[in-house]
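Trainee: The file below is entry-v4.txt, compact mmCIF, C-alpha atoms:
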# COMPACT_ATOMS: atom_id res chain seq x y z
CA MET H 1 -92.13 52.85 69.73
CA GLY H 2 -95.60 51.50 70.16
CA ASN H 3 -96.90 48.58 68.17
CA LYS H 4 -93.94 48.61 65.78
CA PHE H 5 -92.36 46.02 68.03
CA ILE H 6 -89.88 48.52 69.34
CA CYS H 7 -88.26 47.26 72.30
CA MET H 8 -88.91 50.53 72.94
CA THR H 9 -71.22 49.03 73.19
CA LYS H 10 -64.88 47.48 70.65
CA LYS H 11 -65.38 45.71 73.90
CA ASP H 12 -66.55 47.11 77.23
CA SER H 13 -63.83 48.74 79.30
CA LYS H 14 -61.56 46.05 80.70
CA ASN H 15 -61.15 48.10 83.86
CA GLY H 16 -64.85 48.63 84.29
CA GLY H 17 -66.02 45.63 86.28
CA ILE H 18 -68.37 46.45 89.12
CA GLY H 19 -66.56 46.51 92.42
CA SER H 20 -63.20 45.93 90.72
CA LYS H 21 -60.08 47.03 92.57
CA GLY H 22 -56.96 46.84 90.44
CA LYS H 23 -55.82 43.61 88.76
CA ARG H 24 -57.13 41.36 91.52
CA GLY H 25 -60.64 42.83 91.20
CA SER H 26 -60.53 42.59 87.41
CA ARG H 27 -59.42 38.93 87.57
CA ARG H 28 -62.25 38.13 90.01
CA SER H 29 -64.79 39.93 87.82
CA SER H 30 -63.61 37.93 84.81
CA LEU H 31 -63.89 34.65 86.71
CA ASP H 32 -67.36 35.57 87.95
CA GLU H 33 -68.50 36.33 84.42
CA GLU H 34 -67.04 33.07 83.13
CA LEU H 35 -68.91 31.14 85.83
CA LEU H 36 -72.13 32.94 84.95
CA HIS H 37 -71.65 32.09 81.30
CA ARG H 38 -70.99 28.41 82.01
CA GLN H 39 -74.14 28.23 84.14
CA ALA H 40 -76.19 29.92 81.42
CA LEU H 41 -74.74 27.63 78.75
CA ALA H 42 -75.49 24.52 80.81
CA MET H 43 -79.09 25.63 81.29
CA ALA H 44 -79.38 26.46 77.60
CA ILE H 45 -78.12 23.05 76.50
CA GLN H 46 -80.60 21.35 78.81
CA GLN H 47 -83.38 23.53 77.41
CA HIS H 48 -82.26 22.88 73.83
CA GLN H 49 -82.65 19.15 74.36
CA LEU H 50 -86.32 19.76 75.18
CA SER H 51 -87.10 22.24 72.43
CA GLN H 52 -88.72 21.48 69.10
CA ARG H 53 -87.47 21.32 65.51
CA PHE H 54 -89.36 23.16 62.79
CA ASP H 55 -89.98 23.05 59.05
CA ASN H 56 -88.60 25.57 56.56
CA GLY H 57 -90.40 28.33 54.65
CA SER H 58 -90.29 32.10 54.21
CA MET H 59 -92.10 35.31 55.18
CA SER H 60 -91.84 39.09 55.37
CA ARG H 61 -94.04 41.84 56.79
CA ARG H 62 -93.88 44.85 59.09
CA ILE H 63 -96.09 46.24 61.84
CA GLY H 64 -97.96 49.55 61.87
CA SER H 65 -97.38 52.19 64.54
CA THR H 66 -98.96 54.87 66.63
CA SER H 67 -97.12 57.99 67.67
CA SER H 68 -97.19 60.32 70.63
CA ARG H 69 -95.60 63.64 69.76
CA ARG H 70 -93.02 64.84 72.24
CA ARG H 71 -89.51 66.17 71.78
CA PRO H 72 -86.94 63.66 73.06
CA THR H 73 -83.92 64.63 75.11
CA ASN H 74 -80.65 63.42 73.60
CA LEU H 75 -78.47 62.07 76.36
CA SER H 76 -74.77 61.34 76.35
CA ASP H 77 -73.27 57.97 75.53
CA PRO H 78 -71.83 56.64 78.80
CA SER H 79 -69.47 54.17 77.12
CA SER H 80 -66.41 56.22 78.07
CA ILE H 81 -67.19 56.01 81.79
CA THR H 82 -64.95 53.47 83.52
CA ASN H 83 -66.12 53.69 87.14
CA ASN H 84 -68.44 50.70 87.62
CA LYS H 85 -68.30 50.46 91.40
CA GLN H 86 -71.35 49.47 93.38
CA LEU H 87 -73.73 52.35 93.90
CA SER H 88 -73.17 54.26 97.11
CA PRO H 89 -75.96 54.09 99.71
CA GLU H 90 -76.74 57.73 98.90
CA SER H 91 -77.04 57.04 95.15
CA LEU H 92 -79.11 53.93 95.78
CA GLU H 93 -81.39 55.92 98.05
CA ASN H 94 -82.00 58.38 95.19
CA ILE H 95 -83.35 55.60 92.96
CA LYS H 96 -87.04 55.43 93.78
CA THR H 97 -87.82 52.38 91.62
CA LYS H 98 -85.26 49.64 92.18
CA LYS H 99 -86.98 46.73 90.46
CA PHE H 100 -86.16 46.17 86.77
CA VAL H 101 -88.22 43.75 84.68
CA LEU H 102 -86.19 42.59 81.66
CA VAL H 103 -88.19 41.45 78.64
CA HIS H 104 -86.35 39.59 75.89
CA GLY H 105 -86.86 39.94 72.15
CA GLU H 106 -87.79 37.49 69.41
CA GLY H 107 -86.24 34.05 69.77
CA PHE H 108 -84.45 34.86 73.02
CA GLY H 109 -85.38 34.12 76.64
CA ALA H 110 -84.64 35.36 80.14
CA TRP H 111 -81.20 33.71 79.78
CA CYS H 112 -79.95 36.45 77.43
CA TRP H 113 -79.86 39.01 80.28
CA TYR H 114 -77.42 37.05 82.45
CA LYS H 115 -74.66 39.70 82.34
CA ASN H 116 -76.95 42.61 83.17
CA ILE H 117 -78.74 40.64 85.87
CA ALA H 118 -75.39 40.23 87.63
CA LEU H 119 -74.47 43.91 87.15
CA LEU H 120 -77.78 45.18 88.47
CA GLU H 121 -77.66 42.86 91.47
CA GLU H 122 -74.12 44.01 92.29
CA SER H 123 -75.39 47.58 92.22
CA GLY H 124 -77.98 46.77 94.87
CA LEU H 125 -80.93 46.73 92.47
CA VAL H 126 -83.52 44.03 91.80
CA PRO H 127 -83.53 42.61 88.23
CA ILE H 128 -86.22 40.15 87.17
CA ALA H 129 -86.04 38.53 83.72
CA VAL H 130 -89.18 36.89 82.37
CA ASP H 131 -89.65 34.21 79.74
CA LEU H 132 -92.48 35.18 77.40
CA THR H 133 -94.89 32.43 76.38
CA GLY H 134 -93.11 29.77 74.31
CA SER H 135 -89.69 31.31 75.02
CA GLY H 136 -86.71 30.34 77.13
CA ILE H 137 -87.68 27.53 79.49
CA ASP H 138 -91.41 28.08 78.97
CA LEU H 139 -92.19 24.98 76.91
CA THR H 140 -95.50 26.20 75.50
CA ASP H 141 -95.81 25.19 71.84
CA ILE H 142 -95.34 28.43 69.89
CA ASN H 143 -97.81 27.16 67.30
CA ASN H 144 -100.49 27.72 69.93
CA VAL H 145 -99.44 31.32 70.67
CA ALA H 146 -101.60 33.39 68.35
CA THR H 147 -101.94 36.82 70.00
CA LEU H 148 -99.84 39.43 71.76
CA THR H 149 -102.01 38.92 74.85
CA GLU H 150 -101.01 35.25 74.97
CA TYR H 151 -97.36 36.00 74.22
CA SER H 152 -97.16 38.68 76.95
CA LYS H 153 -99.01 36.68 79.61
CA PRO H 154 -95.98 35.97 81.87
CA LEU H 155 -95.22 39.70 81.99
CA ILE H 156 -98.84 40.63 82.64
CA ASP H 157 -99.16 37.96 85.34
CA PHE H 158 -96.11 39.43 87.06
CA LEU H 159 -97.49 42.99 86.96
CA GLU H 160 -100.85 41.86 88.28
CA LYS H 161 -99.19 40.38 91.36
CA LEU H 162 -97.32 43.56 92.32
CA ALA H 163 -98.35 45.30 95.52
CA GLU H 164 -100.86 48.09 95.02
CA ASP H 165 -98.31 50.89 95.42
CA GLU H 166 -95.35 49.09 93.77
CA LYS H 167 -93.86 50.17 90.45
CA VAL H 168 -91.19 48.72 88.17
CA ILE H 169 -88.94 49.83 85.33
CA LEU H 170 -89.63 47.77 82.20
CA VAL H 171 -86.81 47.09 79.73
CA GLY H 172 -87.83 45.56 76.39
CA HIS H 173 -85.38 44.32 73.78
CA SER H 174 -86.40 44.29 70.12
CA SER H 175 -89.89 42.73 69.80
CA GLY H 176 -90.10 42.69 73.61
CA GLY H 177 -90.84 46.38 73.19
CA ALA H 178 -94.29 45.52 71.89
CA CYS H 179 -94.90 43.61 75.12
CA ILE H 180 -93.90 46.55 77.31
CA SER H 181 -96.06 48.86 75.16
CA TYR H 182 -98.94 46.45 75.75
CA ALA H 183 -98.16 46.55 79.48
CA LEU H 184 -98.06 50.37 79.46
CA GLU H 185 -101.51 50.43 77.92
CA HIS H 186 -102.99 48.02 80.47
CA PHE H 187 -100.98 48.73 83.63
CA PRO H 188 -99.76 52.35 83.41
CA ASP H 189 -99.89 52.77 87.20
CA LYS H 190 -97.47 49.87 87.71
CA ILE H 191 -94.75 51.16 85.39
CA SER H 192 -92.38 53.91 86.48
CA LYS H 193 -90.44 54.00 83.21
CA ALA H 194 -90.34 51.96 80.00
CA VAL H 195 -87.00 51.46 78.24
CA TYR H 196 -86.95 50.36 74.59
CA LEU H 197 -83.71 48.70 73.54
CA GLY H 198 -83.49 48.62 69.77
CA SER H 199 -86.42 47.66 67.58
CA ALA H 200 -87.64 44.62 65.72
CA GLN H 201 -88.10 44.25 62.00
CA LEU H 202 -89.17 41.09 60.22
CA PHE H 203 -86.31 41.24 57.69
CA SER H 204 -86.21 39.61 54.30
CA SER H 205 -87.58 36.17 53.51
CA ASP H 206 -84.14 34.61 52.99
CA SER H 207 -83.10 35.34 56.60
CA LYS H 208 -85.73 33.11 58.17
CA SER H 209 -87.87 30.03 57.75
CA LEU H 210 -91.58 29.74 58.31
CA ILE H 211 -93.12 27.22 60.67
CA TYR H 212 -96.35 25.52 59.54
CA GLY H 213 -97.55 24.13 62.85
CA ASN H 214 -100.99 23.26 61.49
CA GLY H 215 -99.81 21.80 58.19
CA LYS H 216 -98.50 23.23 54.91
CA ASP H 217 -102.03 23.82 53.67
CA LYS H 218 -102.74 26.17 56.62
CA PRO H 219 -101.35 29.63 57.37
CA PRO H 220 -97.90 29.71 59.02
CA THR H 221 -97.78 29.85 62.80
CA GLY H 222 -94.20 30.92 63.48
CA PHE H 223 -90.70 31.37 62.12
CA VAL H 224 -87.06 30.78 62.95
CA PHE H 225 -84.01 32.73 61.82
CA GLU H 226 -81.54 30.96 59.57
CA LYS H 227 -78.40 30.48 61.64
CA GLN H 228 -76.08 31.60 58.87
CA HIS H 229 -77.72 35.04 58.99
CA MET H 230 -77.77 35.47 62.77
CA HIS H 231 -74.12 36.49 63.21
CA GLU H 232 -74.39 39.05 60.42
CA LEU H 233 -77.69 40.56 61.60
CA TYR H 234 -77.62 40.25 65.38
CA PHE H 235 -74.16 39.33 66.67
CA ASN H 236 -71.58 41.28 64.64
CA GLN H 237 -69.99 42.63 67.85
CA THR H 238 -70.95 39.81 70.23
CA PRO H 239 -68.25 37.62 71.87
CA ALA H 240 -68.01 34.14 70.37
CA LYS H 241 -69.04 32.39 73.59
CA ASP H 242 -72.29 34.37 73.70
CA VAL H 243 -72.97 33.59 70.05
CA ALA H 244 -72.54 29.91 70.96
CA LEU H 245 -74.95 30.34 73.87
CA ALA H 246 -77.52 31.95 71.60
CA MET H 247 -77.20 29.28 68.91
CA VAL H 248 -78.20 26.51 71.34
CA SER H 249 -80.77 28.61 73.21
CA MET H 250 -82.82 30.58 70.69
CA ARG H 251 -86.21 29.11 69.85
CA GLY H 252 -88.89 29.53 67.23
CA ILE H 253 -90.95 32.73 67.28
CA PRO H 254 -94.77 32.79 67.21
CA LEU H 255 -95.92 34.67 64.13
CA GLY H 256 -99.30 35.95 65.35
CA PRO H 257 -97.97 38.30 68.05
CA MET H 258 -95.36 39.68 65.64
CA MET H 259 -98.02 40.60 63.09
CA GLU H 260 -100.61 41.98 65.48
CA LYS H 261 -101.47 45.66 65.32
CA MET H 262 -101.99 47.16 68.75
CA SER H 263 -104.37 49.91 69.74
CA LEU H 264 -102.54 52.33 72.03
CA SER H 265 -104.13 55.35 73.69
CA ALA H 266 -102.67 58.77 74.39
CA GLU H 267 -104.09 58.62 77.91
CA LYS H 268 -102.28 55.42 78.96
CA TYR H 269 -99.42 54.45 76.68
CA GLY H 270 -98.97 58.03 75.50
CA ASN H 271 -98.47 59.37 79.02
CA GLY H 272 -95.91 56.71 79.94
CA ARG H 273 -92.32 57.75 80.59
CA ARG H 274 -90.55 56.14 77.64
CA PHE H 275 -86.83 56.04 76.88
CA TYR H 276 -85.08 54.70 73.79
CA ILE H 277 -81.58 53.20 73.58
CA GLN H 278 -80.03 53.29 70.12
CA THR H 279 -77.48 50.63 69.11
CA LEU H 280 -75.10 52.28 66.70
CA ASP H 281 -73.42 49.24 65.11
CA ASP H 282 -76.71 47.40 64.64
CA ARG H 283 -76.99 45.60 61.31
CA ALA H 284 -80.49 44.35 62.03
CA LEU H 285 -81.76 47.92 62.36
CA SER H 286 -79.57 50.72 61.03
CA PRO H 287 -78.98 53.92 63.06
CA ASP H 288 -80.85 55.89 60.38
CA VAL H 289 -83.95 53.74 60.82
CA GLN H 290 -83.65 54.04 64.60
CA GLU H 291 -83.47 57.82 64.27
CA LYS H 292 -86.63 57.80 62.18
CA LEU H 293 -88.43 55.69 64.76
CA VAL H 294 -87.51 58.23 67.44
CA ARG H 295 -88.70 61.12 65.28
CA ASP H 296 -91.97 59.40 64.50
CA ASN H 297 -92.71 58.54 68.11
CA PRO H 298 -90.57 60.71 70.41
CA PRO H 299 -89.70 59.33 73.85
CA GLN H 300 -88.71 61.33 76.90
CA GLY H 301 -85.03 60.60 76.37
CA VAL H 302 -82.68 58.94 73.90
CA PHE H 303 -79.41 57.19 74.75
CA LYS H 304 -76.81 55.86 72.31
CA ILE H 305 -74.41 52.94 72.70
CA LYS H 306 -71.40 53.12 70.39
CA GLY H 307 -70.04 49.85 69.07
CA SER H 308 -73.14 47.86 69.99
CA ASP H 309 -74.79 45.34 67.71
CA HIS H 310 -78.46 44.37 68.04
CA CYS H 311 -77.74 42.65 71.38
CA PRO H 312 -75.94 45.06 73.76
CA PHE H 313 -76.61 42.72 76.70
CA PHE H 314 -73.95 40.55 75.01
CA SER H 315 -71.75 43.07 73.19
CA LYS H 316 -71.82 46.07 75.57
CA PRO H 317 -73.32 44.99 78.91
CA GLN H 318 -71.39 47.55 80.96
CA SER H 319 -72.54 50.45 78.80
CA LEU H 320 -76.11 49.18 78.86
CA HIS H 321 -75.89 48.88 82.64
CA LYS H 322 -74.73 52.47 83.05
CA ILE H 323 -77.59 53.73 80.91
CA LEU H 324 -80.15 51.75 82.91
CA ILE H 325 -78.74 53.23 86.12
CA GLU H 326 -78.88 56.73 84.65
CA ILE H 327 -82.48 56.26 83.57
CA ALA H 328 -83.39 54.93 87.01
CA GLN H 329 -81.86 58.05 88.61
CA ILE H 330 -83.95 60.46 86.49
CA PRO H 331 -86.55 62.00 88.87
Now, as a test, write the supplied structure out as structure tokens.
Mentor:
Amino acid sequence: MGNKFICMTKKDSKNGGIGSKGKRGSRRSSLDEELLHRQALAMAIQQHQLSQRFDNGSMSRRIGSTSSRRRPTNLSDPSSITNNKQLSPESLENIKTKKFVLVHGEGFGAWCWYKNIALLEESGLVPIAVDLTGSGIDLTDINNVATLTEYSKPLIDFLEKLAEDEKVILVGHSSGGACISYALEHFPDKISKAVYLGSAQLFSSDSKSLIYGNGKDKPPTGFVFEKQHMHELYFNQTPAKDVALAMVSMRGIPLGPMMEKMSLSAEKYGNGRRFYIQTLDDRALSPDVQEKLVRDNPPQGVFKIKGSDHCPFFSKPQSLHKILIEIAQIP
């Protein structure tokens, strides 16, 4: 859950929309979600028209890790809870840190969090989704993003601008977990809790294509996933409209940051309050591998989302939301 690029739910309950009251509330929630999706898709298509096309190739490698020994607390799966009403003033008052910073994983952008942004806002909380360098609507050429420091710069810039006594909850999906680990090491006093959602693994060579931004005679600079493998690996439980959104929105991934080995200290990263969310129908990273990652580098608490693929912000947003609220409420 350190430099291993750990970004470290069946459909969500139909009666579980935030603030829903009977059929009328459910219908309104559905319309609101559809509007959000159309807005996200429109932005994605506009972004796609600006993004680059890349050459083919192949690659495979994994990242090393550091571990901080602590026994994790196994916490219940909240997927059976159906009460998604807005938090009461009393419950909201009990949440000391109300600002969530959502950090996407490889190939994604801030756009992927659109469902959970809406849910957190409806709960009276403050979600902020960042685009890492060369991701989302940040049009930096990924071939020029060589280090984790460069890749994480938008997140670090945000943390640097926080008020002196202000803290946030970081949520990192997949390889975004490496970025929040980097942030924990450099800004431990700004981070109340760090939540790792799944983990990243660089898969086999036939699932992706290398990018040779400096020419075929030079080392590769990035990679893209082959689209025919994305549904199988990432989106096996994701609604079709979100798969369509991802297909026109995902961009190439800088290789340097994915291969970099971080140096994490017990004093900073090791003392951070880390939580891990396991995705139990994840074909990109099996539950057994996720269990091993938790054993090797125990967090403070472990949550599990049943029926979630690698992208619970698409496949199980309500369950993910409930877990984030529960983590926020932990003293």
Trainee: Using all atoms listed in the file for the distances, tell me which of H:Ala110, H:Met262, H:Val101, H:Met247 is nearest to Asp138 in chain H.
Mentor: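 Closest to Asp138 in chain H of all the choices is H:Ala110.
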Trainee: So the first atom is CA of Gly252 in chain H and the second is CA of Arg274 in chain H; what is the distance between them in Å, to one decimal place?
Mentor: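 Here the two named atoms are 28.6 Å from each other.
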Trainee: Please, which residues are within 10 Å of (-94.9, 37.9, 83.5) by the file's coordinates, counting only C-alpha atoms, and could they come as a list in words?
Mentor: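 The residues near that point, listed by chain and number, are Val101, Val103, Ile128, Ala129, Val130, Asp131, Leu132, Thr133, Tyr151, Ser152, Lys153, Pro154, Leu155, Ile156, Asp157, Phe158, Leu159, Glu160 and Lys161 of chain H.
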Trainee: Can you work out which one of H:Ser175, H:Asn143, H:Ser265, H:Ser181 has the shortest atom-to-atom distance to Gly215 in chain H, counting only C-alpha atoms?
Mentor: H:Asn143
Trainee: Could you name the residues that touch Gly172 in chain H at 12 Å or less, counting all atoms listed in the file, but leaving out those on the same chain fewer than 3 positions away, as a ChimeraX atom specification?
Mentor: /H:1-2,5-8,100-106,108-110,113,129-132,152,155,169,175-184,193-200,274-277,311,313,324
